[in-house]
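Participant: Here it is, the structure, as structure tokens.
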Amino acid sequence: MSTSRMCRALLPALMVTVMNAACSSPQRTFKQDVDFIAQHQEVVVLGTRPDGPRVLVVPAYQGRVMTSSAAGDDGDSFGWINYELIASGKLQPHINPFGGEDRFWIGPEGGQFSVFFEPGEPFDFEHWQTPALIDSEPYAIARRDDQSVTFEHTGRLTNYSGTTFDFQIKRTIALLDEQSISRHLGCAPGDGVRVVAYESRNSITNTGSTPWTRDRGLLSIWILGMFKPSPHTTVVIPFEPGPEEQLGPVVNDRYFGKVPPERLVVRDGVLFFKGDGRYRSKIGIAPQRAKPILGSYNADDHVLTIVQYSLPAGVIDYVNSMWELQDQPYRGDVVNSYNDGPLADGSQLGPFYELETSSPAAALAPGETISHVHRTFHFQGDEQQLDQLARTLLGVSLEEIERAFED
């Protein structure tokens, strides 16, 4: 995205300081981002082809995928990166939004079983605190090669109700080759499309001496990807159509206040959500409605992003992350999308937008493990071929995506 186009997108909504930081430099290449982060942290780069797919992983940031490229060192860098925070070398309260396309988190965020709020504290931003385990602690490399890297980390968390969890985290990031891409998606990109694809395989194992039970709270694996917003970026989430009395509401849009209709459009079997970084909002899809795929399209840079994840059939117990005491703590969402925007005081974390997926609630006996796979695909190139991919994978054309908010 050009500097002028990004600046025009941010001008209406952001503080001048945030706007200047976001607009001070043009779109960076993958190599520029690798070189920048390497000045501050150890980096792991997957992929060896000079003009091929590359993935940048940072152990100090919980083994997160910071960014990727479909065209080697000189290709566009797809992930959102918080350059100012990384360069400062300082940690800040609430959350350290370093950025990254695939980061490991643990739910639930809100409710009586939250791991983000201290017991008895109100559910507001002032008292919200991301645990260091998923925010600022480094993860150790257990294995690595040119195509993958595995991390391990020991964790302990205490929830809002006072239950303590001891567990082992294992996380593998693997670059996907062309055959794997075609196998997972059931189709292959055309010759006029560049692609980078990778997966994170994530697990937590109960290393304590007591089982994790519903009445005392359960954890879940939560993977979040932060991407660069633009005025014409739209999140697309297919869902199972059907009556609400059988499947429940199509979308939960009450996380940070109801999402206005000019930012969320629901049609038969698909919804569209703005990813412009101008308005703080979040949506969720429950497991009864969810499909194992979602995505977004940046019409400015002709980038189609697809996320695919593991969705166990028939499982409906997902932790509830609403910021409130809950009547149904295990009727949470499996898919979420967040669009960043100014907070009440005018400050802003990003701007960025997120594509998120979660595992079921983990009712684990001692020694048991739950796993969750989250795959990210970026396609860039010929619009006709991108259109065919969108139709095949998301069930809508690029024209439908681009015109979703015009009616």
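How things are named: the first chain in the structure tokens is A, the next is B, and so on; residues count from 1 in each chain; ligands count from 1 in the order shown.
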Can you tell me, as a ChimeraX atom specification, what residues are no more than 12 Å from region 381-396 of chain A when counting only C-alpha atoms, ignoring any on the same chain fewer than 3 positions away?
Facilitator: /A:70-71,75-76,182,184-195,235-239,267-272,291-308,377-378,399-404
Participant: Fewer than 4 positions away in the same chain doesn't count, so skip those; otherwise give me all residues within 7 Å of Asn336 (chain A), counting only C-alpha atoms, as a PyMOL selection string.
Facilitator: chain A and resi 283-285+355-357
Participant: Residues of region 354-399 of chain A that approach region 93-117 of chain A to 9 Å or less, counting only C-alpha atoms: could you list each one with the shortest pair of atoms and its distance in Å to one decimal, rows by chain and increasing residue number, as a Markdown table?
Facilitator:
| residue | atom | partner | partner_atom | distance |
| --- | --- | --- | --- | --- |
| A:Glu354 | CA | A:Glu101 | CA | 8.4 |
| A:Leu355 | CA | A:Glu101 | CA | 8.8 |
| A:Glu356 | CA | A:Asp102 | CA | 8.8 |
| A:Ser358 | CA | A:Gly107 | CA | 8.3 |
| A:Ala361 | CA | A:Gly107 | CA | 8.6 |
| A:His374 | CA | A:Asp102 | CA | 8.3 |
| A:Arg375 | CA | A:Asp102 | CA | 8.9 |
| A:Thr376 | CA | A:Asp102 | CA | 8.2 |
Participant: Could you jot down the CA of Thr29 (chain A) to CA of Tyr279 (chain A) separation for me, Å, one decimal place?
Facilitator: 27.1 Å
Participant: Quick one: DSSP strand (DSSP E or B) residues in region 220-381 of chain A, as a VMD selection string?
Facilitator: chain A and resid 220 to 227 233 to 239 252 255 257 264 to 267 270 to 274 281 to 285 290 293 to 298 303 to 309 318 331 335 to 339 353 to 358 362 369 to 381
Participant: Looking at A:Arg156, A:Arg54, A:Lys90, A:Lys228, which one is nearest to His40 (chain A), with distances taken over only C-alpha atoms?
Facilitator: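 Comparing A:Arg156, A:Arg54, A:Lys90, A:Lys228 against His40 (chain A), the winner is A:Lys90.
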Participant: Given only C-alpha atoms as the basis, pick out the residue of A:Ile141, A:Ala38, A:Ala87, A:Val334 nearest to Gln288 (chain A).
Facilitator: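 So, comparing all the options, the nearest one is A:Val334.
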Participant: Would you please give, as a list of chain:residue names, all residues of region 181-280 of chain A that DSSP assigns to helix (DSSP H, G or I) based on the backbone?
Facilitator: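 Taking region 181-280 of chain A and keeping helix (DSSP H, G or I) only, one gets A:Ile181, A:Ser182, A:Arg183, A:His184, A:Leu185, A:Arg214, A:Asp215, A:Arg216, A:Glu244, A:Glu245, A:Gln246, A:Leu247.
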Participant: Please save N, CA and C atoms of the selected residues as a compact mmCIF listing (two decimals), in the first residue's frame.
Facilitator:
# COMPACT_ATOMS: atom_id res chain seq x y z
N ILE A 181 -0.64 -27.02 -0.09
CA ILE A 181 -1.64 -25.97 -0.30
C ILE A 181 -2.83 -26.53 -1.05
N SER A 182 -2.57 -27.22 -2.14
CA SER A 182 -3.65 -27.79 -2.95
C SER A 182 -4.45 -28.83 -2.16
N ARG A 183 -3.75 -29.63 -1.35
CA ARG A 183 -4.45 -30.66 -0.57
C ARG A 183 -5.35 -30.04 0.49
N HIS A 184 -4.86 -29.05 1.19
CA HIS A 184 -5.65 -28.45 2.25
C HIS A 184 -6.85 -27.67 1.71
N LEU A 185 -6.65 -26.96 0.61
CA LEU A 185 -7.72 -26.09 0.09
C LEU A 185 -8.59 -26.77 -0.95
N ARG A 214 -15.36 -28.06 34.17
CA ARG A 214 -16.23 -26.96 33.75
C ARG A 214 -16.59 -26.04 34.91
N ASP A 215 -16.81 -26.58 36.08
CA ASP A 215 -17.28 -25.75 37.18
C ASP A 215 -16.20 -24.81 37.72
N ARG A 216 -14.93 -25.11 37.47
CA ARG A 216 -13.83 -24.28 37.96
C ARG A 216 -13.18 -23.48 36.83
N GLU A 244 -32.64 -19.28 13.45
CA GLU A 244 -31.98 -18.98 14.73
C GLU A 244 -32.45 -19.91 15.84
N GLU A 245 -33.70 -20.36 15.78
CA GLU A 245 -34.18 -21.24 16.84
C GLU A 245 -33.44 -22.58 16.85
N GLN A 246 -32.81 -22.94 15.75
CA GLN A 246 -32.03 -24.18 15.69
C GLN A 246 -30.53 -23.94 15.85
N LEU A 247 -30.02 -22.90 15.22
CA LEU A 247 -28.57 -22.67 15.18
C LEU A 247 -28.13 -21.47 16.01
Participant: Which is closer to Tyr353 (chain A) than all the others in A:Ser310, A:Asn252, A:Thr233, A:Ser136, using only C-alpha atoms?
Facilitator: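 Smallest distance to Tyr353 (chain A) is found for A:Thr233.
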Participant: Which is closest to Lys170 (chain A) among A:Ala365, A:Leu218, A:Ala140, A:Val43, if we use only C-alpha atoms?
Facilitator: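 Checking each candidate against Lys170 (chain A), we get A:Ala140 as the closest.
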Participant: Report the closest atom pair, with its distance in Å rounded to one decimal, for each residue of region 220-328 of chain A that has an atom no farther than 9 Å from region 198-203 of chain A; count only C-alpha atoms, sort by chain and then rising residue number, and write it as JSON lines.
Facilitator:
{"residue": "A:Ile221", "atom": "CA", "partner": "A:Ser203", "partner_atom": "CA", "distance": 7.4}
{"residue": "A:Ile223", "atom": "CA", "partner": "A:Ser200", "partner_atom": "CA", "distance": 8.8}
{"residue": "A:Gln308", "atom": "CA", "partner": "A:Glu199", "partner_atom": "CA", "distance": 8.9}
{"residue": "A:Tyr309", "atom": "CA", "partner": "A:Glu199", "partner_atom": "CA", "distance": 9.0}
Participant: Selected residues, N, CA and C atoms, written as a PDB file, in the first residue's frame, please.
Facilitator:
ATOM      1  N   ILE A 221      -7.114 -22.783  23.339  1.00  0.00           N
ATOM      2  CA  ILE A 221      -6.060 -22.240  22.471  1.00  0.00           C
ATOM      3  C   ILE A 221      -6.706 -21.216  21.551  1.00  0.00           C
ATOM      4  N   ILE A 223      -5.728 -18.421  18.486  1.00  0.00           N
ATOM      5  CA  ILE A 223      -4.732 -17.924  17.543  1.00  0.00           C
ATOM      6  C   ILE A 223      -5.283 -16.682  16.852  1.00  0.00           C
ATOM      7  N   GLN A 308      -7.648 -21.068   7.431  1.00  0.00           N
ATOM      8  CA  GLN A 308      -8.290 -22.378   7.584  1.00  0.00           C
ATOM      9  C   GLN A 308      -7.862 -22.935   8.941  1.00  0.00           C
ATOM     10  N   TYR A 309      -8.762 -23.630   9.620  1.00  0.00           N
ATOM     11  CA  TYR A 309      -8.437 -24.072  10.978  1.00  0.00           C
ATOM     12  C   TYR A 309      -9.157 -25.375  11.302  1.00  0.00           C
TER      13      TYR A 309
END
Participant: Could you check which of A:Val265, A:Leu175, A:Ile37, A:Ile134 is closest to Trp222 (chain A), using only C-alpha atoms?
Facilitator: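 Between A:Val265, A:Leu175, A:Ile37, A:Ile134, the residue approaching Trp222 (chain A) most closely is A:Ile134.
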Participant: Using only C-alpha atoms, which residues sit within 9 Å of Thr150 (chain A) once same-chain residues fewer than 3 positions away are excluded, as a list in words?
Facilitator: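 Returned residues: Gly63, Ala140, Ile141, Ala142, Arg143, Arg144, Lys170, Arg171, Thr172, Ile173 and Ala174 of chain A.
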Participant: Enter the distance from CA of Glu262 (chain A) to CA of Pro249 (chain A), in Å, rounded to one decimal.
Facilitator: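 The value is 19.1 Å.
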Participant: I need the residue nearest Phe78 (chain A) from this list: A:Thr234, A:Gln380, A:Gln62, A:Thr210. Use only C-alpha atoms for the distance.
Facilitator: A:Gln380
